[in-house]
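Novice: Below is the file upload19.cif, which contains mmCIF, C-alpha atoms.
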data_work
loop_
_atom_site.label_atom_id
_atom_site.label_comp_id
_atom_site.auth_asym_id
_atom_site.auth_seq_id
_atom_site.Cartn_x
_atom_site.Cartn_y
_atom_site.Cartn_z
CA MET A 417 11.20 -0.91 -15.91
CA THR A 418 7.46 -0.84 -16.54
CA ASN A 419 5.60 -2.11 -13.53
CA GLU A 420 1.85 -2.16 -13.04
CA ASN A 421 1.79 -2.82 -9.31
CA GLU A 422 4.66 -0.81 -7.82
CA PRO A 423 6.51 2.46 -8.37
CA ARG A 424 9.23 2.32 -11.01
CA THR A 425 12.04 1.79 -8.53
CA PRO A 426 11.45 -1.44 -6.60
CA SER A 427 11.76 -1.39 -2.83
CA SER A 428 12.74 -4.21 -0.53
CA GLN A 429 10.86 -4.47 2.73
CA ALA A 430 12.34 -5.15 6.13
CA PRO A 431 12.19 -8.69 7.47
CA THR A 432 9.05 -9.64 9.34
CA SER A 433 9.11 -13.23 8.15
CA PRO A 434 7.03 -15.91 9.85
CA ALA A 435 9.59 -18.51 8.90
CA GLY A 436 12.92 -18.54 10.65
CA SER A 437 12.93 -14.85 11.56
CA ALA A 438 14.15 -13.57 14.87
CA ALA A 439 11.06 -11.38 14.97
CA GLY A 440 8.55 -14.21 14.47
CA PRO A 441 7.87 -17.83 15.35
CA GLN A 442 10.52 -20.32 14.29
CA ILE A 443 9.18 -22.50 11.47
CA THR A 444 11.48 -24.77 9.49
CA LEU A 445 10.81 -25.00 5.75
CA ARG A 446 12.57 -27.94 4.12
CA THR A 447 11.02 -28.44 0.69
CA PRO A 448 9.86 -26.38 -2.31
CA ALA A 449 6.29 -27.31 -1.38
CA GLU A 450 6.71 -25.76 2.06
CA LEU A 451 8.29 -22.65 0.57
CA ALA A 452 5.36 -22.24 -1.84
CA ASP A 453 2.90 -22.74 1.02
CA ALA A 454 4.67 -20.14 3.19
CA LEU A 455 4.74 -17.35 0.59
CA PRO A 456 1.33 -15.77 1.39
CA TYR A 457 2.20 -15.73 5.10
CA MET A 458 5.51 -14.01 4.39
CA LEU A 459 3.77 -11.26 2.40
CA GLY A 460 0.40 -11.10 4.14
CA PHE A 461 -1.50 -11.74 0.90
CA HIS A 462 -1.54 -14.06 -2.09
CA PRO A 463 0.64 -12.41 -4.75
CA THR A 464 -0.75 -12.31 -8.26
CA ASP A 465 1.21 -11.38 -11.37
CA SER A 466 4.24 -10.90 -9.14
CA LEU A 467 7.98 -11.50 -8.95
CA VAL A 468 8.84 -12.06 -5.29
CA MET A 469 12.34 -12.38 -3.85
CA VAL A 470 13.28 -13.32 -0.29
CA ALA A 471 16.77 -12.86 1.19
CA VAL A 472 18.22 -15.78 3.17
CA HIS A 473 20.91 -15.35 5.85
CA GLY A 474 23.23 -17.67 7.75
CA GLU A 475 23.75 -21.40 7.82
CA GLY A 476 20.27 -21.96 9.20
CA GLY A 477 18.67 -20.14 6.28
CA ARG A 478 16.98 -17.35 8.24
CA PHE A 479 14.65 -15.30 6.08
CA GLY A 480 15.40 -11.59 5.79
CA GLY A 481 14.13 -8.79 3.55
CA ARG A 482 11.56 -9.36 0.86
CA LEU A 483 10.73 -7.65 -2.42
CA ARG A 484 7.71 -7.83 -4.72
CA VAL A 485 7.17 -6.20 -8.10
CA GLY A 486 4.73 -6.82 -10.90
CA ILE A 487 5.94 -9.02 -13.75
CA PRO A 488 6.50 -6.78 -16.80
CA THR A 489 4.26 -7.78 -19.69
CA THR A 490 7.03 -7.17 -22.25
CA PRO A 491 9.88 -9.74 -22.21
CA ALA A 492 12.22 -7.05 -23.54
CA GLU A 493 12.04 -5.44 -20.08
CA TRP A 494 12.93 -8.59 -18.15
CA GLU A 495 16.69 -8.11 -18.14
CA ASP A 496 16.47 -4.58 -16.69
CA THR A 497 13.84 -5.77 -14.21
CA ALA A 498 16.06 -8.64 -13.05
CA ARG A 499 19.03 -6.34 -12.55
CA GLN A 500 17.02 -3.75 -10.62
CA VAL A 501 15.29 -6.18 -8.28
CA ALA A 502 18.53 -8.05 -7.50
CA GLU A 503 20.38 -4.82 -6.71
CA THR A 504 17.50 -3.46 -4.66
CA LEU A 505 17.17 -6.55 -2.46
CA VAL A 506 20.91 -7.07 -1.96
CA ARG A 507 21.71 -3.39 -1.30
CA GLY A 508 18.70 -3.07 0.99
CA SER A 509 19.83 -6.08 2.99
CA GLU A 510 23.33 -4.61 3.26
CA ARG A 511 21.93 -1.33 4.58
CA ARG A 512 20.07 -3.27 7.25
CA GLY A 513 23.20 -5.07 8.37
CA ALA A 514 24.14 -8.08 6.25
CA LYS A 515 24.49 -9.15 2.65
CA PRO A 516 22.26 -12.16 1.91
CA ASP A 517 23.85 -15.60 1.71
CA GLY A 518 21.22 -16.62 -0.79
CA ILE A 519 17.90 -15.65 -2.36
CA VAL A 520 14.64 -17.53 -2.95
CA VAL A 521 12.68 -16.43 -6.03
CA PHE A 522 8.96 -16.86 -6.73
CA LEU A 523 7.22 -16.13 -10.04
CA CYS A 524 3.45 -16.01 -9.50
CA GLN A 525 1.06 -15.58 -12.41
CA ASP A 526 -2.36 -16.97 -13.31
CA PRO A 527 -2.76 -18.47 -16.77
CA ARG A 528 -4.09 -16.30 -19.54
CA LYS A 529 -7.21 -17.37 -21.40
CA GLY A 530 -6.57 -20.72 -23.03
CA GLU A 531 -3.20 -21.10 -21.30
CA SER A 532 -2.16 -23.81 -18.83
CA GLY A 533 -0.08 -23.39 -15.69
CA GLN A 534 2.66 -25.43 -17.34
CA ARG A 535 2.70 -22.99 -20.24
CA VAL A 536 3.05 -20.08 -17.79
CA MET A 537 6.03 -21.82 -16.20
CA THR A 538 7.68 -22.27 -19.61
CA ARG A 539 6.96 -18.71 -20.69
CA LEU A 540 8.45 -17.24 -17.51
CA ARG A 541 11.55 -19.44 -17.46
CA PRO A 542 13.72 -16.80 -19.25
CA LEU A 543 12.77 -14.25 -16.56
CA ALA A 544 13.76 -16.70 -13.82
CA GLN A 545 17.09 -17.28 -15.56
CA ARG A 546 17.76 -13.54 -15.84
CA VAL A 547 17.05 -13.09 -12.12
CA ARG A 548 19.43 -15.93 -11.28
CA LEU A 549 22.17 -14.37 -13.42
CA ALA A 550 21.60 -10.91 -11.92
CA CYS A 551 21.86 -12.29 -8.38
CA GLY A 552 24.96 -14.30 -9.32
CA ALA A 553 26.60 -11.14 -10.65
CA LEU A 554 26.28 -9.75 -7.12
CA ASP A 555 27.80 -12.92 -5.64
CA VAL A 556 24.51 -14.03 -4.13
CA PRO A 557 23.22 -17.42 -5.33
CA VAL A 558 19.56 -18.19 -5.99
CA LEU A 559 18.88 -21.17 -3.73
CA GLU A 560 15.46 -21.90 -5.17
CA ALA A 561 13.28 -20.44 -7.93
CA LEU A 562 9.63 -21.47 -8.05
CA CYS A 563 6.81 -20.78 -10.47
CA LEU A 564 3.31 -20.75 -8.92
CA SER A 565 0.40 -20.90 -11.34
CA ASP A 566 -3.05 -22.46 -11.57
CA GLY A 567 -2.83 -24.10 -8.17
CA ARG A 568 0.49 -25.83 -8.91
CA TYR A 569 4.21 -25.12 -8.53
CA TRP A 570 7.38 -25.91 -10.47
CA SER A 571 11.05 -25.56 -9.55
CA TYR A 572 13.39 -23.89 -12.02
CA THR A 573 16.45 -25.14 -10.15
CA CYS A 574 15.71 -28.88 -9.96
CA PRO A 575 16.99 -30.91 -12.92
CA GLU A 576 15.39 -34.20 -11.85
CA ALA A 577 12.26 -35.15 -13.80
CA HIS A 578 11.24 -37.79 -11.26
CA CYS A 579 10.82 -35.19 -8.48
CA CYS A 580 9.75 -32.27 -10.69
CA PRO A 581 7.27 -33.59 -13.27
CA ALA A 582 6.31 -31.48 -16.26
CA GLU A 583 2.78 -31.01 -14.96
CA GLY A 584 4.12 -29.63 -11.67
CA HIS A 585 3.02 -30.34 -8.11
CA PRO A 586 -0.32 -29.29 -6.60
CA LEU A 587 -0.15 -26.57 -3.98
CA VAL A 588 -1.36 -27.40 -0.49
CA ALA A 589 -5.02 -26.55 0.06
CA PRO A 590 -5.27 -23.19 1.89
CA GLY A 591 -5.41 -23.48 5.65
CA THR A 592 -4.54 -27.20 5.85
CA SER A 593 -0.77 -27.20 6.29
CA VAL A 594 1.52 -27.07 9.31
CA MET A 595 2.55 -23.61 8.13
CA ALA A 596 -1.08 -22.44 8.18
CA ALA A 597 -1.60 -23.80 11.70
CA ALA A 598 1.59 -22.19 13.00
CA ALA A 599 0.74 -18.87 11.34
CA THR A 600 -2.76 -18.90 12.83
CA PHE A 601 -1.32 -19.63 16.27
CA ALA A 602 1.11 -16.73 15.86
CA GLY A 603 -1.68 -14.35 14.80
CA LEU A 604 -0.43 -13.98 11.23
CA GLN A 605 -3.10 -13.18 8.67
CA VAL A 606 -3.43 -13.59 4.91
CA ARG A 607 -5.63 -10.75 3.70
CA GLY A 608 -6.74 -12.28 0.41
CA SER A 609 -5.07 -11.85 -2.93
CA LEU A 610 -3.19 -8.84 -4.22
CA SER A 611 -5.83 -8.28 -6.88
CA GLU A 612 -8.60 -8.34 -4.25
CA ILE A 613 -6.84 -5.77 -2.06
CA GLU A 614 -6.13 -3.53 -5.03
CA GLY A 615 -9.74 -3.88 -6.16
CA ARG A 616 -10.93 -2.20 -2.95
CA LEU A 617 -8.80 0.84 -3.76
CA THR A 618 -9.26 1.28 -7.50
CA PRO A 619 -11.77 3.61 -9.21
CA LEU A 620 -15.37 2.54 -9.65
CA GLY A 621 -16.94 1.84 -13.00
CA GLY A 622 -20.45 1.78 -14.36
CA ALA A 623 -23.25 4.13 -13.35
CA LEU A 624 -21.56 5.35 -10.16
CA ALA A 625 -18.51 6.51 -12.11
CA LYS A 626 -20.68 8.30 -14.66
CA GLU A 627 -22.41 10.20 -11.88
CA GLN A 628 -19.25 10.90 -9.87
CA GLU A 629 -17.17 12.59 -12.56
CA PRO A 630 -19.63 15.49 -13.12
CA ALA A 631 -19.71 15.96 -9.34
CA LEU A 632 -15.93 16.24 -9.34
CA ASP A 633 -16.15 18.78 -12.16
CA ARG A 634 -18.57 20.87 -10.09
CA ALA A 635 -16.40 20.65 -6.99
CA ALA A 636 -13.29 21.61 -8.94
CA ALA A 637 -15.01 24.66 -10.38
CA ALA A 638 -16.12 25.74 -6.92
CA LEU A 639 -13.19 24.79 -4.68
CA VAL A 640 -9.96 25.10 -6.67
CA PRO A 641 -10.14 28.91 -7.05
CA LYS A 642 -10.76 29.19 -3.29
CA ILE A 643 -7.81 26.92 -2.45
CA LEU A 644 -5.54 29.05 -4.64
CA ASP A 645 -6.81 32.25 -3.01
CA GLY A 646 -5.10 32.83 0.33
CA ALA A 647 -8.14 34.70 1.66
CA THR A 648 -10.49 31.72 1.29
CA ARG A 649 -8.11 28.77 1.53
CA GLU A 650 -8.55 28.45 5.29
CA GLU A 651 -12.32 28.49 4.90
CA VAL A 652 -12.14 25.63 2.39
CA GLY A 653 -9.90 23.70 4.74
CA ALA A 654 -12.28 24.07 7.67
CA GLU A 655 -15.23 23.02 5.52
CA THR A 656 -13.35 20.00 4.18
CA ILE A 657 -12.32 18.80 7.62
CA THR A 658 -15.83 19.28 9.00
CA LEU A 659 -17.39 17.38 6.09
CA ALA A 660 -14.85 14.55 6.35
CA GLN A 661 -15.59 14.22 10.07
CA THR A 662 -19.31 14.15 9.32
CA LEU A 663 -18.79 11.33 6.81
CA MET A 664 -16.65 9.40 9.28
CA ARG A 665 -19.38 9.63 11.91
CA ARG A 666 -21.92 8.45 9.35
CA LEU A 667 -19.76 5.44 8.50
CA ALA A 668 -19.11 4.66 12.16
CA LEU A 669 -22.86 4.68 12.91
CA ALA A 670 -23.59 2.35 9.97
CA PRO A 671 -21.15 -0.57 10.16
CA PRO A 672 -21.37 -2.99 7.23
CA PRO A 673 -22.65 -6.53 7.74
CA GLU A 674 -19.85 -8.46 9.43
CA GLY A 675 -17.93 -10.60 6.97
CA GLY A 676 -20.26 -9.67 4.15
CA PRO A 677 -18.93 -9.46 0.57
CA GLY A 678 -20.59 -6.11 -0.06
CA THR A 679 -18.62 -4.03 2.45
CA ASP A 680 -17.34 -1.56 -0.11
CA ALA A 681 -20.70 -1.24 -1.87
CA TRP A 682 -22.24 -0.55 1.56
CA ASP A 683 -19.80 2.29 2.17
CA ASP A 684 -20.21 3.64 -1.36
CA ALA A 685 -23.95 3.92 -0.80
CA LEU A 686 -23.40 6.04 2.33
CA LEU A 687 -21.48 8.77 0.49
CA GLY A 688 -23.13 11.29 -1.79
CA HIS A 689 -21.39 12.18 -5.04
CA ASP A 690 -21.06 15.87 -4.19
CA GLU A 691 -19.88 15.11 -0.65
CA ALA A 692 -17.19 12.75 -1.91
CA ALA A 693 -16.10 15.23 -4.58
CA SER A 694 -15.75 18.08 -2.09
CA VAL A 695 -13.52 16.07 0.24
CA ILE A 696 -11.41 14.68 -2.62
CA LEU A 697 -10.73 18.17 -3.96
CA GLY A 698 -10.11 19.56 -0.48
CA LEU A 699 -7.53 16.86 0.27
CA GLN A 700 -5.41 18.09 -2.65
CA ASP A 701 -4.28 20.87 -0.29
CA ARG A 702 -1.31 19.62 1.72
CA GLU A 703 -2.28 21.31 4.98
CA ILE A 704 -5.79 19.85 4.86
CA ARG A 705 -4.36 16.41 4.14
CA ASP A 706 -1.97 16.69 7.08
CA ILE A 707 -4.86 17.31 9.47
CA ALA A 708 -6.69 14.31 8.03
CA ALA A 709 -3.58 12.20 8.69
CA GLU A 710 -4.18 12.69 12.43
CA TRP A 711 -7.11 10.25 12.33
CA MET A 712 -4.84 7.21 12.45
CA GLU A 713 -5.59 5.44 15.73
CA ASN A 714 -8.17 4.52 18.36
CA GLU A 715 -11.82 4.87 17.40
CA GLU A 716 -11.03 7.21 14.50
CA ALA A 717 -8.89 4.76 12.54
CA ALA A 718 -11.56 2.35 11.27
CA PRO A 719 -14.03 4.93 9.90
CA ALA A 720 -11.14 6.98 8.49
CA LEU A 721 -9.84 3.95 6.58
CA ARG A 722 -13.31 3.21 5.23
CA LEU A 723 -13.63 6.84 4.12
CA TRP A 724 -10.21 6.97 2.41
CA ARG A 725 -10.91 3.72 0.55
CA ALA A 726 -14.29 4.98 -0.59
CA LEU A 727 -12.83 8.31 -1.74
CA ALA A 728 -10.05 6.55 -3.65
CA ARG A 729 -12.73 4.56 -5.50
CA ARG A 730 -14.46 7.85 -6.40
CA CYS A 731 -11.40 9.28 -8.21
CA VAL A 732 -12.75 8.33 -11.61
CA GLY A 733 -12.12 9.43 -15.17
CA ALA A 734 -9.88 12.47 -15.50
CA TYR A 735 -9.46 12.63 -11.71
CA GLY A 736 -7.33 9.49 -11.36
CA GLU A 737 -4.32 11.47 -10.13
CA HIS A 738 -6.40 12.90 -7.29
CA ALA A 739 -6.49 9.41 -5.75
CA ALA A 740 -2.91 9.87 -4.50
CA ALA A 741 -4.16 11.77 -1.43
CA PRO A 742 -6.83 9.32 -0.15
CA LEU A 743 -4.67 6.31 -1.10
CA THR A 744 -1.75 7.70 0.87
CA LEU A 745 -4.00 8.37 3.86
CA ALA A 746 -5.37 4.82 3.60
CA GLY A 747 -1.83 3.46 3.50
CA TRP A 748 -0.88 5.57 6.52
CA VAL A 749 -3.84 4.32 8.60
CA CYS A 750 -3.03 0.71 7.66
CA TRP A 751 0.63 1.13 8.59
CA SER A 752 -0.21 2.96 11.81
CA THR A 753 -2.61 0.18 12.88
CA GLY A 754 -0.21 -2.66 12.06
CA ASP A 755 -1.43 -3.78 8.63
CA GLU A 756 1.86 -3.33 6.78
CA PRO A 757 1.02 -5.53 3.74
CA THR A 758 -2.07 -3.49 2.87
CA ALA A 759 -0.19 -0.27 3.63
CA ARG A 760 2.48 -1.11 1.06
CA ILE A 761 -0.14 -1.90 -1.58
CA ALA A 762 -2.07 1.33 -0.94
CA LEU A 763 1.09 3.44 -1.02
CA ALA A 764 2.27 1.77 -4.22
CA LEU A 765 -1.10 2.57 -5.81
CA ALA A 766 -0.76 6.17 -4.63
CA LEU A 767 2.57 6.41 -6.42
CA ARG A 768 1.06 4.83 -9.49
CA ALA A 769 -1.59 7.57 -9.44
CA ASP A 770 1.06 10.28 -8.96
CA ALA A 771 4.70 9.18 -8.98
CA ASP A 772 5.80 12.57 -7.57
CA TYR A 773 3.48 12.59 -4.55
CA ARG A 774 6.03 13.24 -1.84
CA PHE A 775 3.97 12.13 1.16
CA ALA A 776 3.47 8.70 -0.44
CA GLN A 777 7.15 8.47 -1.33
CA LEU A 778 8.22 9.15 2.25
CA LEU A 779 5.74 6.73 3.82
CA HIS A 780 6.45 4.00 1.24
CA HIS A 781 10.17 4.22 1.92
CA ALA A 782 9.74 4.28 5.70
CA CYS A 783 7.34 1.33 5.68
CA ASN A 784 9.63 -0.73 3.45
CA GLU A 785 12.62 0.06 5.65
CA GLY A 786 10.83 -1.23 8.75
CA ILE A 787 10.78 2.15 10.51
CA ASP A 788 8.51 2.31 13.56
CA PRO A 789 5.49 4.56 12.74
CA GLU A 790 5.24 5.69 16.37
CA GLY A 791 7.55 8.66 15.73
CA LEU A 792 5.19 10.04 13.10
CA ARG A 793 2.14 9.26 15.23
CA GLU A 794 3.60 11.26 18.11
CA CYS A 795 4.36 14.17 15.79
CA LEU A 796 0.74 14.18 14.61
CA ARG A 797 -0.58 13.96 18.16
CA ALA A 798 1.58 16.90 19.21
CA GLU A 799 0.41 19.00 16.29
CA ARG A 800 -3.19 18.23 17.14
CA ARG A 801 -2.66 19.23 20.78
CA ARG A 802 -1.08 22.52 19.70
CA ARG A 803 -3.84 23.34 17.26
CA GLU A 804 -6.94 22.55 19.33
CA PRO A 805 -6.26 24.97 22.23
CA ARG A 806 -5.47 27.66 19.66
CA ARG A 807 -8.79 26.97 17.94
CA LYS A 808 -10.69 27.23 21.22
CA ARG A 809 -9.03 30.55 22.13
CA GLN A 810 -9.77 32.00 18.71
CA ALA A 811 -13.39 30.86 18.86
CA ALA A 812 -13.87 32.42 22.30
CA THR A 813 -12.52 35.82 21.23
CA THR A 814 -13.96 36.09 17.71
CA ARG A 815 -17.31 34.29 17.76
CA PRO A 816 -20.25 36.74 17.67
CA PRO A 817 -23.07 36.10 20.18
CA GLY A 818 -25.52 33.45 19.03
CA ARG A 819 -23.27 32.01 16.33
CA ARG A 820 -21.90 28.48 16.30
CA GLU A 821 -18.22 27.77 16.85
CA ARG A 822 -16.19 27.65 13.63
CA PRO A 823 -14.37 24.44 12.64
CA ALA A 824 -10.75 23.94 13.53
CA ARG A 825 -8.15 26.22 12.04
CA LEU A 826 -5.79 24.64 9.55
CA ALA A 827 -2.52 23.43 10.96
CA ARG A 828 0.86 24.29 9.63
CA PRO A 829 2.28 21.53 7.40
CA ILE A 830 3.81 18.83 9.56
CA LEU A 831 5.03 16.39 6.93
CA ARG A 832 7.53 17.93 4.59
CA ASP A 833 10.78 16.89 3.01
CA LYS A 834 13.36 19.34 4.28
CA ARG A 835 15.42 18.75 1.17
CA ARG A 836 12.53 19.77 -1.09
CA THR A 837 13.24 22.85 -3.16
CA SER A 838 9.92 23.13 -4.99
CA GLY A 839 6.27 22.22 -4.42
CA SER A 840 6.44 18.50 -5.20
CA ASP A 841 4.62 17.56 -2.01
CA ARG A 842 0.99 18.15 -2.67
#
What is this file in structure tokens?
Specialist:
Amino acid sequence: MTNENEPRTPSSQAPTSPAGSAAGPQITLRTPAELADALPYMLGFHPTDSLVMVAVHGEGGRFGGRLRVGIPTTPAEWEDTARQVAETLVRGSERRGAKPDGIVVFLCQDPRKGESGQRVMTRLRPLAQRVRLACGALDVPVLEALCLSDGRYWSYTCPEAHCCPAEGHPLVAPGTSVMAAAATFAGLQVRGSLSEIEGRLTPLGGALAKEQEPALDRAAAALVPKILDGATREEVGAETITLAQTLMRRLALAPPPEGGPGTDAWDDALLGHDEAASVILGLQDREIRDIAAEWMENEEAAPALRLWRALARRCVGAYGEHAAAPLTLAGWVCWSTGDEPTARIALALALRADADYRFAQLLHHACNEGIDPEGLRECLRAERRRREPRRKRQAATTRPPGRRERPARLARPILRDKRRTSGSDR
């Protein structure tokens, strides 16, 4: 399955639904219009170019796990896509305790140039039918299948022309529905559209990109041989951590205008090309990255997230694969601080940059399975506590008079797949 927005194997996410979930406020959705209105609150963002499936359980129709993948551009891939997403959602629900009693399907896509929303609905109808057949083959019926496009929605399951006109129904204006009021009361947040969130994490273009790539070339020529040399690897690690901390302090002391549209451009202007390149290359070392993962809470989290986003945007040209490290760190900070929707998007982009990046694979799976991140946070805290006293002792015994204390010694790797047999975790 070719998929622009997610790793090749789709993943269902654990239920955190705002509608009918035991974990959230009880909101009854009775009509296709209410289902369409609830979708962004279920995901945490407005999906674009997406196939979304939601498991439904019990007589009351309680929402369970959810799944989102990009709609393949080639219709020849639709049958395989439908089979994979149906199996992933159903099997994932079974692992979490219960096979779904039904599934609700959403196909969300903006019209192409010169295309109407109605034309999108017609063009995607064969995909909706394949998804319905794939779910039926697993003995799980599709209760509703909706197409959302150009501010309107259509039902693929309703045969009545008088209630489902060809031109579709208009979607409720954002923020005006009962669902929106209930979600606001419950503290649920829609973080914009999928394309907007991805845009904050994708490489820059224009003049900045042209200036950044030569800086990355210079950093690679200087740092990579040192990272590969055991004698100088620790020195590179200490320099990378110190520089990253310096950049975080700079960002923390220069907050962007509140609510302003130029937040990312503000952060981009605070980072020099050579500074960004040095940290990006340094983070390719797994031990250095593991130390950086410790900045995931309290006052460190916000500037760390701003830094990881900015560094991901600097992975331009031939250095696109290098974005896996800062994207994974951005996803980890988001997950650790409770922003699971953005975490999933960042981790999916990390796997798109490097499908074999083991740290992203592990976090993406854990986040989708609804695992509590506190266990990993505690592991990182413990590693930090072990390392800092060791650093202080070493500094006291080895520092010559009049010289400044050296940066922290690199930690041992703390995030590794015990089943790994080769160096796939970078």
Novice: What separation in Å, quoted to one decimal, exists between atom CA of Val556 of chain A and atom CA of Pro516 of chain A?
Specialist: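 Going from atom CA of Val556 of chain A over to atom CA of Pro516 of chain A, I get 6.7 Å.
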Novice: Determine, counting all atoms listed in the file, every residue of protein, DNA or RNA that lies within 10 Å of (9.6, -10.8, -18.9) in the file coordinates, then give the result as a PyMOL selection string.
Specialist: chain A and resi 487-498+539-544+546
Novice: Which residue, A:Ala709, A:Leu632, A:Ala647, A:Ile761, has the smallest gap to Leu727 of chain A when you use all atoms listed in the file?
Specialist: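 Among the listed residues, A:Leu632 lies closest to Leu727 of chain A.
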Novice: I'd like the residues picked by the PyMOL selection byres ((chain A and resi 682) around 10) written out as a ChimeraX atom specification, using the chain letters and numbers from the file.
Specialist: /A:667,670-673,676-681,683-687,726
Novice: Enumerate, as a PyMOL selection string, the residues matched when the PyMOL selection byres ((chain A and resi 701) around 10) is run on the file above.
Specialist: chain A and resi 640+643-644+649+652-653+696-700+702-706+741+841-842
Novice: Deliver the residues from the most recent selection as a file, using C-alpha atoms, as a compact mmCIF listing (two decimals), in the coordinates of the input.
Specialist:
# COMPACT_ATOMS: atom_id res chain seq x y z
CA VAL A 640 -9.96 25.10 -6.67
CA ILE A 643 -7.81 26.92 -2.45
CA LEU A 644 -5.54 29.05 -4.64
CA ARG A 649 -8.11 28.77 1.53
CA VAL A 652 -12.14 25.63 2.39
CA GLY A 653 -9.90 23.70 4.74
CA ILE A 696 -11.41 14.68 -2.62
CA LEU A 697 -10.73 18.17 -3.96
CA GLY A 698 -10.11 19.56 -0.48
CA LEU A 699 -7.53 16.86 0.27
CA GLN A 700 -5.41 18.09 -2.65
CA ARG A 702 -1.31 19.62 1.72
CA GLU A 703 -2.28 21.31 4.98
CA ILE A 704 -5.79 19.85 4.86
CA ARG A 705 -4.36 16.41 4.14
CA ASP A 706 -1.97 16.69 7.08
CA ALA A 741 -4.16 11.77 -1.43
CA ASP A 841 4.62 17.56 -2.01
CA ARG A 842 0.99 18.15 -2.67
Novice: Please enumerate the residues selected by the PyMOL selection byres ((chain A and resi 628) around 8) when evaluated against the supplied file, formatted as a PDB file with C-alpha atoms, in the frame of the given file.
Specialist:
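Output (result-v4.pdb):
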ATOM      1  CA  LEU A 624     -21.560   5.350 -10.160  1.00  0.00           C
ATOM      2  CA  ALA A 625     -18.510   6.510 -12.110  1.00  0.00           C
ATOM      3  CA  LYS A 626     -20.680   8.300 -14.660  1.00  0.00           C
ATOM      4  CA  GLU A 627     -22.410  10.200 -11.880  1.00  0.00           C
ATOM      5  CA  GLU A 629     -17.170  12.590 -12.560  1.00  0.00           C
ATOM      6  CA  PRO A 630     -19.630  15.490 -13.120  1.00  0.00           C
ATOM      7  CA  ALA A 631     -19.710  15.960  -9.340  1.00  0.00           C
ATOM      8  CA  LEU A 632     -15.930  16.240  -9.340  1.00  0.00           C
ATOM      9  CA  HIS A 689     -21.390  12.180  -5.040  1.00  0.00           C
ATOM     10  CA  ASP A 690     -21.060  15.870  -4.190  1.00  0.00           C
ATOM     11  CA  ALA A 693     -16.100  15.230  -4.580  1.00  0.00           C
ATOM     12  CA  ARG A 730     -14.460   7.850  -6.400  1.00  0.00           C
ATOM     13  CA  VAL A 732     -12.750   8.330 -11.610  1.00  0.00           C
TER      14      VAL A 732
END
Novice: Of the candidates A:Thr447, A:Ala452, A:Leu779, A:Gly688, which one gets nearest to Ala589 of chain A if we count all atoms listed in the file?
Specialist: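 Nearest candidate to Ala589 of chain A out of A:Thr447, A:Ala452, A:Leu779, A:Gly688: A:Ala452.
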Novice: Select, from A:Arg548, A:Lys642, A:Arg482, A:Tyr572, the residue with the minimum atom-to-atom distance to Gly508 of chain A, counting all atoms listed in the file.
Specialist: A:Arg482
Novice: Rounded to one decimal place, report the atom CA of Cys524 of chain A-atom CA of Ile613 of chain A distance in Å.
Specialist: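 Going from atom CA of Cys524 of chain A over to atom CA of Ile613 of chain A covers 16.3 Å.
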Novice: With distances taken over only C-alpha atoms, which residue among A:Cys783, A:Met458, A:Met664, A:Ala553 lies nearest Glu716 of chain A?
Specialist: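 Comparing A:Cys783, A:Met458, A:Met664, A:Ala553 against Glu716 of chain A, the winner is A:Met664.
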Novice: Quick one: distance from atom CA of Asp555 of chain A to atom CA of Leu467 of chain A in Å, one decimal?
Specialist: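 Going from atom CA of Asp555 of chain A over to atom CA of Leu467 of chain A, I get 20.1 Å.
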Novice: Show which residues sit within 9 Å of Gln777 of chain A, as a ChimeraX atom specification. Count all atoms listed in the file, and ignore same-chain residues fewer than 6 positions away.
Specialist: /A:763-764,766-767,771
Novice: Given 6 Å of margin on each side, can you work out the centre and size in Å (one decimal) of an axis-aligned box holding every listed atom of segment 561-577 of chain A, as AutoDock Vina command-line options?
Specialist:
--center_x 7.0 --center_y -27.8 --center_z -10.9 --size_x 32.0 --size_y 26.7 --size_z 17.9
Novice: Nearest to Leu743 of chain A among A:Arg725, A:Arg568, A:Arg774, A:Arg803, with distances taken over all atoms listed in the file: which residue is it?
Specialist: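 Residue with the minimum atom-to-atom distance to Leu743 of chain A: A:Arg725.
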Novice: Given all atoms listed in the file as the basis, pick out the residue of A:Trp570, A:Phe461, A:Phe775, A:Trp751 nearest to Val606 of chain A.
Specialist: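 Once distances to Val606 of chain A are computed over all atoms listed in the file, the minimum belongs to A:Phe461.
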Novice: Using all atoms listed in the file, which protein or nucleic acid residues come within 6 Å of Tyr569 of chain A? Drop anything in the same chain fewer than 2 positions from it, and give the result as a PyMOL selection string.
Specialist: chain A and resi 563-564+584-585
